[in-house]
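Novice: Sending over a structure as structure tokens; questions will come in a sec.
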Amino acid sequence: MKKVFVKSYGCQMNVYDAERMADMLAGEGYAETKAMEEADLVILNTCHIREKAAEKVYSELGRVRELKEEREAQGHETKIVVAGCVAQAEGKEILRRQSAVDVVVGPQNYHRLPDLLKRPRAERIVDTEFPIEDKFDHLPAPTKAKTLSRGVSAFLTIQEGCDKFCTFCVVPYTRGAEVSRPVAKILDEAMRLADAGVRELTVIGQNVNAFHGEAADGSVWSLGRLLHRLAEIPGIVRLRYTTSHPRDMDEELIAAHRDLPALMPYLHLPVQSGSDRILDLMNRKHTGDEYRRLIERIRQARPDIALSSDFIVGFPGETDQDFEDTMRLVADIGFASTFSFKYSPRPGTPAAEHDVQVPEPVKVERLARLQNLLETQRQAFNLGTVGQTLDVLLEKPGRHPGQINGKSPYLQPVQIESEAVKIGEVVTVRITGKSSNSLFGELIGHGGREAA
Ligand code: 5AD
Ligand code: SF4
């Protein structure tokens, strides 16, 4: 049997796509391997969001090339595929920069991989046209055993692409316009996952709360409505969604945080900056205060909600005062966990053309100050859960015998010691302590309050 090694970079959409590629290639006789050295087919599923991520691909390709040559010397052929957003954005340039690459395939075209791989070796291929057909219609479902081997928590893509055109972002160019999958297809996939033993579903999309999927009766469902329906699927005890835009947080979705016990009290809602001037230059179409008021409404619906966000420092033209506005917004809101980045100019995006780029040392200093504050908030949030009784979804065995790892409703990793529990169970745990990245707890009961 041939072997395929898939490495994914970047966001959860890529993790999902990588799994679907592996599922599809399973039907072509490829078994998945975690060791690149033994792979007949190496797929790098790439990310183009920041320059560092994109450049990483080329250094990795250098290593894969060496491997290909070593294997060739032993009489084994290795095919190299570059998939994902760098493939979409750079296309032919990748073939030019790395001669060992056989196929370049974009995120909307990977359902064609089996065909592309059958072409003769000399024919190096780039497939990045946005196709008319829906790739999801061509992707086979994984076996039950495969689904379960990936864990009790699964991602499900419900929406792709983005029409927001934030001036720093390549996504609208690499992933294309915003498209929602039909409701019936999402429900089928969710039921299949639940049937295989999945307990937690995270519905994903570049702009997931812009979801507007068509139902069988022709009506259009919002994310709030979809979440209510997903919660009815037997076996699904937890729901999450990511990533969202503040402008698409509608009443129905906010109300779902109040009314739907399966919807976990955690929200990743990127704000990017706290300065109205920068938010405007970013084309975010909201102000700092509008974000604050939105968070207030969400907290009214679900007071214990853990908030997460993305931040960019050093956007072109960002002054000290703009940066202080970001620090003030962070201080006002209080985040449980976040991602923060130095602005990275991306080819083809409006902000990259801006005359006033912020010098690197200023970016470095701002990022350090911001991350310091965010880390203090994260630790404070985690400390605040010590002493509480929380439901924990058990996900995998811990490092030591008898230890088992799971997640709190707030997405915190929790470790407990118990022989009397099993993976996939929601248990009630008293949180007794914490380390820098996880919580420790003791088992109080089975079933959990969520599941009731
Ligand atoms: N530079 C830095 N960070 C970026 N992001 C997107 N584009 C850029 C860029 N050009 C960040 C945003 C986004 C997250 C996924 O990546 O914060 O929310
Ligand atoms: Fe990029 Fe903005 Fe779309 Fe998010 S909303 S994917 S940051 S353009």
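Here, A, B, ... name the chains of the structure tokens in the order displayed, residue numbers run from 1 inside each chain, and ligands are numbered from 1 in the same displayed order.
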Find the spatial neighbours of region 165-181 of chain A, counting only C-alpha atoms, within a cut-off of 9 Å - ignore same-chain residues fewer than 5 positions away - and output them as JSON, numbers by chain.
Specialist: {"A": [48, 49, 50, 84, 85, 86, 87, 88, 89, 106, 107, 108, 130, 136, 157, 158, 159, 160, 186, 205, 206, 207, 208, 210, 211, 212, 213, 214, 281, 282, 283, 284, 315, 343, 344, 345, 346, 347, 348, 349, 350, 351, 352]}
Novice: Taking the chain letters and numbering used in this document, name the residues of region 39-149 of chain A that DSSP puts in helix (DSSP H, G or I), as a compact mmCIF listing (two decimals) with all heavy atoms, in the first residue's frame.
Specialist:
```
# COMPACT_ATOMS: atom_id res chain seq x y z
N GLU A 51 3.86 36.66 6.16
CA GLU A 51 5.03 36.32 5.35
C GLU A 51 5.80 35.13 5.92
O GLU A 51 6.22 34.24 5.19
CB GLU A 51 5.95 37.54 5.25
CG GLU A 51 7.01 37.36 4.19
CD GLU A 51 7.95 38.56 4.10
OE1 GLU A 51 7.68 39.56 4.80
OE2 GLU A 51 8.93 38.47 3.36
N LYS A 52 5.92 35.12 7.25
CA LYS A 52 6.69 34.06 7.91
C LYS A 52 6.11 32.69 7.58
O LYS A 52 6.83 31.75 7.27
CB LYS A 52 6.63 34.27 9.42
CG LYS A 52 7.97 34.37 10.09
CD LYS A 52 7.77 34.09 11.56
CE LYS A 52 8.72 34.82 12.44
NZ LYS A 52 8.14 35.08 13.76
N ALA A 53 4.77 32.61 7.64
CA ALA A 53 4.09 31.33 7.36
C ALA A 53 4.36 30.91 5.93
O ALA A 53 4.64 29.74 5.65
CB ALA A 53 2.60 31.48 7.61
N ALA A 54 4.30 31.86 5.00
CA ALA A 54 4.47 31.54 3.59
C ALA A 54 5.91 31.11 3.30
O ALA A 54 6.15 30.15 2.55
CB ALA A 54 4.07 32.74 2.74
N GLU A 55 6.87 31.80 3.92
CA GLU A 55 8.27 31.47 3.65
C GLU A 55 8.66 30.11 4.21
O GLU A 55 9.53 29.42 3.69
CB GLU A 55 9.19 32.57 4.21
CG GLU A 55 9.27 33.79 3.29
CD GLU A 55 9.68 33.44 1.85
OE1 GLU A 55 10.68 32.71 1.67
OE2 GLU A 55 9.00 33.89 0.91
N LYS A 56 8.00 29.74 5.33
CA LYS A 56 8.26 28.44 5.95
C LYS A 56 8.09 27.31 4.94
O LYS A 56 8.79 26.31 4.97
CB LYS A 56 7.26 28.24 7.10
CG LYS A 56 7.90 27.73 8.39
CD LYS A 56 6.85 27.29 9.37
CE LYS A 56 6.43 28.39 10.32
NZ LYS A 56 5.26 28.04 11.13
N VAL A 57 7.14 27.49 4.03
CA VAL A 57 6.86 26.45 3.04
C VAL A 57 8.10 26.17 2.20
O VAL A 57 8.43 25.01 1.93
CB VAL A 57 5.72 26.90 2.11
CG1 VAL A 57 5.47 25.88 1.01
CG2 VAL A 57 4.46 27.15 2.90
N TYR A 58 8.80 27.22 1.80
CA TYR A 58 9.95 27.01 0.93
C TYR A 58 11.09 26.32 1.67
O TYR A 58 11.80 25.50 1.10
CB TYR A 58 10.39 28.34 0.30
CG TYR A 58 9.40 28.81 -0.73
CD1 TYR A 58 8.47 29.81 -0.44
CD2 TYR A 58 9.35 28.21 -1.99
CE1 TYR A 58 7.53 30.21 -1.39
CE2 TYR A 58 8.43 28.61 -2.95
CZ TYR A 58 7.52 29.61 -2.65
OH TYR A 58 6.60 29.99 -3.58
N SER A 59 11.28 26.65 2.96
CA SER A 59 12.35 25.95 3.67
C SER A 59 11.96 24.49 3.88
O SER A 59 12.79 23.58 3.75
CB SER A 59 12.71 26.65 4.99
OG SER A 59 11.57 26.87 5.75
N GLU A 60 10.68 24.25 4.15
CA GLU A 60 10.23 22.86 4.31
C GLU A 60 10.37 22.10 2.98
O GLU A 60 10.80 20.95 2.96
CB GLU A 60 8.77 22.85 4.78
CG GLU A 60 8.21 21.48 5.10
CD GLU A 60 8.78 20.84 6.36
OE1 GLU A 60 9.52 21.53 7.10
OE2 GLU A 60 8.50 19.66 6.59
N LEU A 61 10.06 22.78 1.88
CA LEU A 61 10.18 22.13 0.57
C LEU A 61 11.62 21.72 0.28
O LEU A 61 11.87 20.69 -0.35
CB LEU A 61 9.67 23.04 -0.54
CG LEU A 61 8.16 23.07 -0.74
CD1 LEU A 61 7.78 24.12 -1.79
CD2 LEU A 61 7.62 21.70 -1.14
N GLY A 62 12.58 22.52 0.76
CA GLY A 62 13.99 22.19 0.60
C GLY A 62 14.28 20.83 1.26
O GLY A 62 14.95 19.96 0.68
N ARG A 63 13.73 20.66 2.47
CA ARG A 63 13.93 19.39 3.19
C ARG A 63 13.24 18.23 2.47
O ARG A 63 13.78 17.14 2.37
CB ARG A 63 13.40 19.50 4.63
CG ARG A 63 14.39 20.16 5.59
CD ARG A 63 13.97 19.96 7.03
NE ARG A 63 12.77 20.70 7.36
CZ ARG A 63 12.77 21.99 7.70
NH1 ARG A 63 13.92 22.65 7.75
NH2 ARG A 63 11.66 22.61 7.99
N VAL A 64 12.04 18.48 1.99
CA VAL A 64 11.30 17.41 1.31
C VAL A 64 12.03 17.00 0.03
O VAL A 64 12.09 15.82 -0.33
CB VAL A 64 9.85 17.85 0.96
CG1 VAL A 64 9.06 16.68 0.40
CG2 VAL A 64 9.14 18.39 2.18
N ARG A 65 12.63 17.96 -0.61
CA ARG A 65 13.38 17.67 -1.83
C ARG A 65 14.54 16.71 -1.55
O ARG A 65 14.75 15.74 -2.27
CB ARG A 65 13.94 18.98 -2.39
CG ARG A 65 14.68 18.78 -3.66
CD ARG A 65 15.81 19.77 -3.87
NE ARG A 65 16.41 19.49 -5.15
CZ ARG A 65 16.25 20.24 -6.22
NH1 ARG A 65 15.57 21.36 -6.13
NH2 ARG A 65 16.79 19.90 -7.35
N GLU A 66 15.27 16.97 -0.44
CA GLU A 66 16.37 16.08 -0.07
C GLU A 66 15.87 14.66 0.14
O GLU A 66 16.48 13.68 -0.29
CB GLU A 66 17.05 16.57 1.22
CG GLU A 66 17.99 17.72 0.98
CD GLU A 66 18.50 18.31 2.28
OE1 GLU A 66 18.58 17.58 3.29
OE2 GLU A 66 18.80 19.52 2.28
N LEU A 67 14.74 14.58 0.81
CA LEU A 67 14.14 13.29 1.09
C LEU A 67 13.77 12.57 -0.20
O LEU A 67 13.98 11.37 -0.37
CB LEU A 67 12.87 13.55 1.90
CG LEU A 67 12.47 12.46 2.83
CD1 LEU A 67 13.28 12.59 4.10
CD2 LEU A 67 10.99 12.60 3.15
N LYS A 68 13.21 13.35 -1.11
CA LYS A 68 12.80 12.79 -2.40
C LYS A 68 14.03 12.22 -3.12
O LYS A 68 13.97 11.14 -3.69
CB LYS A 68 12.15 13.91 -3.24
CG LYS A 68 11.70 13.52 -4.62
CD LYS A 68 10.87 14.64 -5.25
CE LYS A 68 10.47 14.34 -6.68
NZ LYS A 68 9.22 14.98 -7.08
N GLU A 69 15.13 12.96 -3.03
CA GLU A 69 16.35 12.49 -3.71
C GLU A 69 16.91 11.22 -3.05
O GLU A 69 17.31 10.28 -3.73
CB GLU A 69 17.40 13.61 -3.72
CG GLU A 69 17.04 14.68 -4.73
CD GLU A 69 17.84 15.99 -4.57
OE1 GLU A 69 18.63 16.09 -3.60
OE2 GLU A 69 17.64 16.89 -5.39
N GLU A 70 16.88 11.21 -1.70
CA GLU A 70 17.36 10.01 -0.99
C GLU A 70 16.52 8.79 -1.36
O GLU A 70 17.03 7.71 -1.60
CB GLU A 70 17.28 10.21 0.53
CG GLU A 70 18.44 11.01 1.09
CD GLU A 70 18.14 11.50 2.49
OE1 GLU A 70 17.37 10.82 3.22
OE2 GLU A 70 18.67 12.57 2.86
N ARG A 71 15.21 9.00 -1.37
CA ARG A 71 14.32 7.87 -1.69
C ARG A 71 14.50 7.43 -3.14
O ARG A 71 14.43 6.24 -3.45
CB ARG A 71 12.86 8.26 -1.42
CG ARG A 71 12.49 8.15 0.06
CD ARG A 71 11.08 8.63 0.33
NE ARG A 71 10.10 8.09 -0.62
CZ ARG A 71 9.40 6.97 -0.43
NH1 ARG A 71 9.56 6.27 0.67
NH2 ARG A 71 8.54 6.56 -1.34
N GLU A 72 14.73 8.39 -4.00
CA GLU A 72 14.93 8.08 -5.42
C GLU A 72 16.17 7.19 -5.58
O GLU A 72 16.15 6.22 -6.34
CB GLU A 72 15.09 9.37 -6.21
CG GLU A 72 14.78 9.22 -7.68
CD GLU A 72 14.44 10.57 -8.28
OE1 GLU A 72 15.38 11.28 -8.71
OE2 GLU A 72 13.25 10.93 -8.28
N ALA A 73 17.23 7.52 -4.81
CA ALA A 73 18.47 6.73 -4.86
C ALA A 73 18.20 5.29 -4.44
O ALA A 73 18.90 4.37 -4.87
CB ALA A 73 19.52 7.37 -3.96
N GLY A 84 -3.28 24.31 -0.41
CA GLY A 84 -3.59 25.40 0.51
C GLY A 84 -3.39 26.78 -0.07
O GLY A 84 -3.34 26.97 -1.30
N CYS A 85 -3.24 27.76 0.81
CA CYS A 85 -3.33 29.17 0.40
C CYS A 85 -2.08 29.69 -0.30
O CYS A 85 -2.18 30.59 -1.13
CB CYS A 85 -3.71 30.04 1.58
SG CYS A 85 -5.38 29.69 2.16
N VAL A 86 -0.90 29.15 0.02
CA VAL A 86 0.29 29.58 -0.74
C VAL A 86 0.17 29.07 -2.16
O VAL A 86 0.49 29.77 -3.13
CB VAL A 86 1.61 29.08 -0.08
CG1 VAL A 86 2.82 29.50 -0.91
CG2 VAL A 86 1.75 29.62 1.33
N ALA A 87 -0.34 27.86 -2.31
CA ALA A 87 -0.58 27.29 -3.64
C ALA A 87 -1.49 28.20 -4.43
O ALA A 87 -1.22 28.54 -5.59
CB ALA A 87 -1.20 25.90 -3.51
N GLN A 88 -2.59 28.63 -3.79
CA GLN A 88 -3.55 29.49 -4.47
C GLN A 88 -2.92 30.82 -4.87
O GLN A 88 -3.10 31.31 -5.98
CB GLN A 88 -4.77 29.74 -3.55
CG GLN A 88 -5.89 30.48 -4.21
CD GLN A 88 -6.52 29.67 -5.35
OE1 GLN A 88 -6.71 28.48 -5.24
NE2 GLN A 88 -6.80 30.32 -6.47
N ALA A 89 -2.15 31.41 -3.94
CA ALA A 89 -1.63 32.75 -4.16
C ALA A 89 -0.43 32.76 -5.11
O ALA A 89 -0.26 33.69 -5.88
CB ALA A 89 -1.23 33.38 -2.83
N GLU A 90 0.41 31.75 -5.03
CA GLU A 90 1.67 31.81 -5.79
C GLU A 90 1.71 30.91 -7.01
O GLU A 90 2.53 31.12 -7.90
CB GLU A 90 2.85 31.54 -4.85
CG GLU A 90 2.88 32.59 -3.74
CD GLU A 90 4.16 32.60 -2.94
OE1 GLU A 90 5.07 31.81 -3.24
OE2 GLU A 90 4.23 33.42 -2.00
N LYS A 92 2.22 29.03 -10.10
CA LYS A 92 3.39 28.62 -10.90
C LYS A 92 4.72 28.99 -10.26
O LYS A 92 5.72 28.33 -10.45
CB LYS A 92 3.33 29.32 -12.27
CG LYS A 92 2.64 28.51 -13.32
CD LYS A 92 3.22 28.75 -14.72
CE LYS A 92 2.97 30.11 -15.30
NZ LYS A 92 1.71 30.42 -15.92
N GLU A 93 4.71 30.12 -9.52
CA GLU A 93 5.93 30.60 -8.86
C GLU A 93 6.54 29.48 -8.00
O GLU A 93 7.77 29.38 -7.87
CB GLU A 93 5.55 31.83 -8.01
CG GLU A 93 6.62 32.37 -7.09
CD GLU A 93 7.76 33.04 -7.85
OE1 GLU A 93 7.65 33.21 -9.09
OE2 GLU A 93 8.78 33.38 -7.20
N ILE A 94 5.70 28.65 -7.42
CA ILE A 94 6.19 27.56 -6.56
C ILE A 94 6.96 26.55 -7.40
O ILE A 94 8.06 26.11 -7.01
CB ILE A 94 5.01 26.87 -5.83
CG1 ILE A 94 4.29 27.88 -4.96
CG2 ILE A 94 5.50 25.67 -5.01
CD1 ILE A 94 3.02 27.37 -4.32
N LEU A 95 6.42 26.21 -8.59
CA LEU A 95 7.14 25.27 -9.47
C LEU A 95 8.48 25.85 -9.88
O LEU A 95 9.48 25.14 -10.01
CB LEU A 95 6.31 24.99 -10.73
CG LEU A 95 4.97 24.29 -10.55
CD1 LEU A 95 4.35 24.02 -11.92
CD2 LEU A 95 5.12 22.98 -9.79
N ARG A 96 8.49 27.18 -10.06
CA ARG A 96 9.72 27.84 -10.48
C ARG A 96 10.75 27.81 -9.35
O ARG A 96 11.91 27.50 -9.54
CB ARG A 96 9.42 29.29 -10.89
CG ARG A 96 10.50 29.94 -11.75
CD ARG A 96 10.26 31.42 -11.94
NE ARG A 96 10.22 32.17 -10.68
CZ ARG A 96 11.29 32.48 -9.95
NH1 ARG A 96 12.48 32.12 -10.34
NH2 ARG A 96 11.15 33.15 -8.83
N ARG A 97 10.28 28.12 -8.13
CA ARG A 97 11.24 28.21 -7.01
C ARG A 97 11.69 26.85 -6.50
O ARG A 97 12.75 26.74 -5.89
CB ARG A 97 10.61 29.00 -5.84
CG ARG A 97 10.79 30.49 -5.99
CD ARG A 97 10.25 31.27 -4.81
NE ARG A 97 11.02 31.14 -3.59
CZ ARG A 97 10.76 31.84 -2.49
NH1 ARG A 97 9.76 32.69 -2.47
NH2 ARG A 97 11.48 31.67 -1.39
N TYR A 110 -8.82 20.66 -4.35
CA TYR A 110 -8.10 19.46 -3.94
C TYR A 110 -8.89 18.17 -4.14
O TYR A 110 -8.33 17.08 -4.12
CB TYR A 110 -7.54 19.59 -2.52
CG TYR A 110 -8.54 19.74 -1.41
CD1 TYR A 110 -9.23 18.64 -0.92
CD2 TYR A 110 -8.76 20.96 -0.79
CE1 TYR A 110 -10.13 18.77 0.12
CE2 TYR A 110 -9.66 21.09 0.24
CZ TYR A 110 -10.35 20.00 0.69
OH TYR A 110 -11.24 20.13 1.72
N HIS A 111 -10.20 18.31 -4.41
CA HIS A 111 -10.99 17.10 -4.74
C HIS A 111 -10.51 16.49 -6.05
O HIS A 111 -10.85 15.37 -6.37
CB HIS A 111 -12.48 17.44 -4.82
CG HIS A 111 -12.82 18.49 -5.82
ND1 HIS A 111 -12.42 19.81 -5.67
CD2 HIS A 111 -13.48 18.44 -7.00
CE1 HIS A 111 -12.84 20.51 -6.71
NE2 HIS A 111 -13.49 19.70 -7.53
N ARG A 112 -9.74 17.26 -6.83
CA ARG A 112 -9.25 16.73 -8.11
C ARG A 112 -7.90 16.03 -7.97
O ARG A 112 -7.33 15.57 -8.96
CB ARG A 112 -9.08 17.87 -9.12
CG ARG A 112 -10.38 18.56 -9.47
CD ARG A 112 -10.07 19.62 -10.51
NE ARG A 112 -11.21 20.44 -10.85
CZ ARG A 112 -11.12 21.68 -11.30
NH1 ARG A 112 -9.93 22.23 -11.45
NH2 ARG A 112 -12.20 22.37 -11.60
N LEU A 113 -7.37 16.00 -6.75
CA LEU A 113 -6.03 15.42 -6.54
C LEU A 113 -5.85 14.03 -7.15
O LEU A 113 -4.84 13.78 -7.80
CB LEU A 113 -5.70 15.38 -5.05
CG LEU A 113 -4.75 16.45 -4.52
CD1 LEU A 113 -4.50 16.23 -3.04
CD2 LEU A 113 -3.42 16.46 -5.28
N PRO A 114 -6.81 13.10 -6.95
CA PRO A 114 -6.60 11.76 -7.52
C PRO A 114 -6.30 11.83 -9.02
O PRO A 114 -5.37 11.16 -9.49
CB PRO A 114 -7.93 11.06 -7.26
CG PRO A 114 -8.45 11.73 -6.02
CD PRO A 114 -8.04 13.16 -6.14
N ASP A 115 -7.02 12.68 -9.74
CA ASP A 115 -6.77 12.83 -11.18
C ASP A 115 -5.42 13.46 -11.44
O ASP A 115 -4.65 13.00 -12.30
CB ASP A 115 -7.82 13.75 -11.82
CG ASP A 115 -9.08 12.98 -12.13
OD1 ASP A 115 -9.00 11.74 -12.08
OD2 ASP A 115 -10.12 13.62 -12.38
N LEU A 116 -5.13 14.52 -10.73
CA LEU A 116 -3.88 15.25 -10.95
C LEU A 116 -2.68 14.33 -10.72
O LEU A 116 -1.67 14.42 -11.42
CB LEU A 116 -3.79 16.47 -10.02
CG LEU A 116 -4.91 17.51 -10.17
CD1 LEU A 116 -4.76 18.63 -9.16
CD2 LEU A 116 -4.93 18.08 -11.58
N LEU A 117 -2.82 13.44 -9.73
CA LEU A 117 -1.69 12.56 -9.40
C LEU A 117 -1.47 11.48 -10.45
O LEU A 117 -0.39 10.89 -10.53
CB LEU A 117 -1.92 11.91 -8.03
CG LEU A 117 -1.79 12.89 -6.86
CD1 LEU A 117 -2.30 12.26 -5.57
CD2 LEU A 117 -0.33 13.33 -6.68
N LYS A 118 -2.51 11.23 -11.25
CA LYS A 118 -2.37 10.18 -12.28
C LYS A 118 -1.68 10.71 -13.54
O LYS A 118 -1.31 9.94 -14.40
CB LYS A 118 -3.76 9.62 -12.63
CG LYS A 118 -4.22 8.63 -11.58
CD LYS A 118 -5.59 8.08 -11.85
CE LYS A 118 -6.16 7.47 -10.59
NZ LYS A 118 -7.51 7.92 -10.29
N LYS A 135 -16.48 21.30 -4.33
CA LYS A 135 -15.54 20.22 -3.97
C LYS A 135 -16.14 19.26 -2.95
O LYS A 135 -15.86 18.07 -2.95
CB LYS A 135 -14.23 20.81 -3.45
CG LYS A 135 -14.32 21.43 -2.09
CD LYS A 135 -12.95 21.79 -1.51
CE LYS A 135 -13.11 22.48 -0.18
NZ LYS A 135 -12.58 23.81 -0.11
N PHE A 136 -17.01 19.80 -2.06
CA PHE A 136 -17.56 18.95 -1.00
C PHE A 136 -18.38 17.79 -1.57
O PHE A 136 -18.49 16.75 -0.94
CB PHE A 136 -18.42 19.77 -0.04
CG PHE A 136 -17.62 20.75 0.77
CD1 PHE A 136 -17.70 22.11 0.52
CD2 PHE A 136 -16.77 20.31 1.78
CE1 PHE A 136 -16.96 23.02 1.25
CE2 PHE A 136 -16.02 21.21 2.52
CZ PHE A 136 -16.12 22.57 2.26
N ASP A 137 -18.95 18.00 -2.78
CA ASP A 137 -19.74 16.92 -3.40
C ASP A 137 -18.85 15.77 -3.87
O ASP A 137 -19.34 14.70 -4.20
CB ASP A 137 -20.53 17.46 -4.61
CG ASP A 137 -21.66 18.36 -4.15
OD1 ASP A 137 -22.03 18.27 -2.97
OD2 ASP A 137 -22.15 19.16 -4.98
N HIS A 138 -17.56 16.03 -3.95
CA HIS A 138 -16.65 15.02 -4.51
C HIS A 138 -15.77 14.39 -3.44
O HIS A 138 -14.92 13.58 -3.74
CB HIS A 138 -15.77 15.66 -5.58
CG HIS A 138 -16.56 16.19 -6.74
ND1 HIS A 138 -16.75 15.50 -7.90
CD2 HIS A 138 -17.26 17.34 -6.87
CE1 HIS A 138 -17.50 16.20 -8.72
NE2 HIS A 138 -17.82 17.33 -8.10
N LYS A 144 -15.82 5.12 9.93
CA LYS A 144 -16.11 5.40 11.34
C LYS A 144 -14.84 5.33 12.19
O LYS A 144 -14.59 6.18 13.04
CB LYS A 144 -17.08 4.33 11.86
CG LYS A 144 -18.49 4.80 12.00
CD LYS A 144 -19.26 3.73 12.78
CE LYS A 144 -20.73 4.07 12.74
NZ LYS A 144 -21.53 3.21 13.58
N ALA A 145 -14.03 4.30 11.91
CA ALA A 145 -12.82 4.10 12.70
C ALA A 145 -11.86 5.28 12.53
O ALA A 145 -11.27 5.77 13.49
CB ALA A 145 -12.13 2.80 12.28
N LYS A 146 -11.76 5.77 11.29
CA LYS A 146 -10.88 6.91 11.01
C LYS A 146 -11.37 8.15 11.76
O LYS A 146 -10.59 8.87 12.38
CB LYS A 146 -10.87 7.16 9.49
CG LYS A 146 -9.89 8.19 9.03
CD LYS A 146 -8.50 7.62 9.00
CE LYS A 146 -7.46 8.70 9.16
NZ LYS A 146 -6.12 8.18 9.28
N THR A 147 -12.68 8.39 11.69
CA THR A 147 -13.25 9.54 12.38
C THR A 147 -12.93 9.48 13.87
O THR A 147 -12.47 10.45 14.47
CB THR A 147 -14.78 9.59 12.17
OG1 THR A 147 -15.03 9.70 10.78
CG2 THR A 147 -15.40 10.77 12.89
N LEU A 148 -13.16 8.30 14.45
CA LEU A 148 -12.96 8.17 15.89
C LEU A 148 -11.48 8.33 16.25
O LEU A 148 -11.15 8.90 17.29
CB LEU A 148 -13.50 6.82 16.37
CG LEU A 148 -13.78 6.78 17.86
CD1 LEU A 148 -14.72 7.92 18.27
CD2 LEU A 148 -14.39 5.45 18.26
N SER A 149 -10.60 7.85 15.34
CA SER A 149 -9.16 7.95 15.65
C SER A 149 -8.72 9.41 15.71
O SER A 149 -7.70 9.75 16.28
CB SER A 149 -8.34 7.19 14.60
OG SER A 149 -8.31 7.94 13.40
```
Novice: Which residues come within 10 Å of region 242-256 of chain A, counting only C-alpha atoms, excluding same-chain residues fewer than 2 positions away, as JSON, numbers by chain?
Specialist: {"A": [11, 12, 13, 155, 157, 164, 202, 203, 204, 205, 206, 207, 208, 209, 210, 211, 222, 223, 224, 225, 226, 227, 228, 240, 258, 259, 260, 261, 262, 263, 266, 267, 268, 269, 270, 271, 284, 285, 286, 290, 291, 294, 295, 297, 298, 299, 300, 301, 302, 309]}
Novice: For a quick check of understanding, using only C-alpha atoms, which of A:Leu25, A:Leu44, A:Ala368, A:Val152 has the smallest distance to Lys2 (chain A)?
Specialist: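 The answer is A:Leu25, which sits nearest to Lys2 (chain A).
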Novice: Pick out the residues sitting within 7 Å of Pro409 (chain A), and hand them over as a list in words; count only C-alpha atoms, and ignore anything fewer than 6 positions along from it in its own chain.
Specialist: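 Once the nearby chain positions are removed, what remains is Met264, Pro265, Asp391 and Val392 of chain A.
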Novice: Produce a file of the selected residues containing C-alpha atoms, as a short mmCIF file (atom, residue, chain, number, x, y, z; two decimals), in the first residue's frame.
Specialist:
```cif
data_model
loop_
_atom_site.label_atom_id
_atom_site.label_comp_id
_atom_site.auth_asym_id
_atom_site.auth_seq_id
_atom_site.Cartn_x
_atom_site.Cartn_y
_atom_site.Cartn_z
CA MET A 264 -20.03 26.49 24.88
CA PRO A 265 -19.33 29.79 26.64
CA ASP A 391 -17.89 20.06 33.15
CA VAL A 392 -14.98 18.51 31.28
#
```
Novice: With only C-alpha atoms as the atoms that count, which of A:Ala190, A:Ala22, A:Val101, A:Ala231 lies nearest to Pro142 (chain A)?
Specialist: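 The shortest atom-to-atom distance to Pro142 (chain A) comes from A:Ala22.
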Novice: Could you list, with a cut-off of 9 Å and counting only C-alpha atoms, the residues of region 108-211 of chain A near region 422-431 of chain A, each shown with its nearest atom pair and the distance in Å rounded to one decimal, rows sorted by chain and ascending number, as a tab-separated table?
Specialist:
```
residue	atom	partner	partner_atom	distance
A:Gly151	CA	A:Gly424	CA	8.4
A:Val152	CA	A:Gly424	CA	5.7
A:Ser153	CA	A:Gly424	CA	8.6
A:Gly197	CA	A:Gly424	CA	7.6
A:Val198	CA	A:Gly424	CA	7.6
A:Arg199	CA	A:Gly424	CA	6.4
A:Glu200	CA	A:Gly424	CA	8.9
```
Novice: Could you tell me how far CA of Glu296 (chain A) lies from atom 17 (O, counted along the ligand's line) of ligand 1, in Å and to one decimal?
Specialist: 21.7 Å
Novice: Among the residues of region 21-247 of chain A, find those DSSP assigns to strand (DSSP E) from the backbone and print them as a ChimeraX atom specification.
Specialist: /A:30-32,41-46,79-83,103-105,125-127,153-157,159-160,179-180,200-204,213-214,220-221,238-242
Novice: Could you check how far CA of Asp280 (chain A) sits from CA of Val362 (chain A), in Å to one decimal?
Specialist: 21.2 Å
Novice: Between atom 7 (S, counted along the ligand's line) of ligand 2 and CA of Arg277 (chain A), what is the distance in Å, rounded to a tenth?
Specialist: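 Going from atom 7 (S, counted along the ligand's line) of ligand 2 over to CA of Arg277 (chain A), I get 16.8 Å.
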Novice: For a quick check of understanding, using only C-alpha atoms, which of A:Ile305, A:Ala196, A:Cys47, A:Ala184 has the smallest distance to Gly218 (chain A)?
Specialist: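 Distance minimum relative to Gly218 (chain A) lands on A:Ala184.
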Novice: Which residues are near region 374-380 of chain A? Cut-off 7 Å, only C-alpha atoms, ignore same chain within fewer than 6 positions. Put them as a list of chain:residue names.
Specialist: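 Counting only the stated atoms, we get A:Gly334, A:Phe335, A:Ala336, A:Ser337.
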Novice: Find the residues near Arg20 (chain A): any atom within 9 Å, counting only C-alpha atoms, skip ones fewer than 3 places away on the same chain, and give them as a ChimeraX atom specification.
Specialist: /A:15-17,23-25,111,139-142
Novice: Using only C-alpha atoms and all ligand atoms for the distances, tell me which of A:Val183, A:Val237, A:Ala122, A:Leu279 is nearest to ligand 2.
Specialist: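 Nearest to ligand 2: A:Leu279.
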Novice: Which is closer to ligand 1 than all the others in A:Phe381, A:Phe339, A:Phe440, A:Trp221, using only C-alpha atoms and all ligand atoms?
Specialist: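 Among the listed residues, A:Phe339 lies closest to ligand 1.
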Novice: For a quick check of understanding, using only C-alpha atoms and all ligand atoms, which of A:Met21, A:Ile312, A:Ile404, A:Ala39 has the smallest distance to ligand 1?
Specialist: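 The answer is A:Ile312, which sits nearest to ligand 1.
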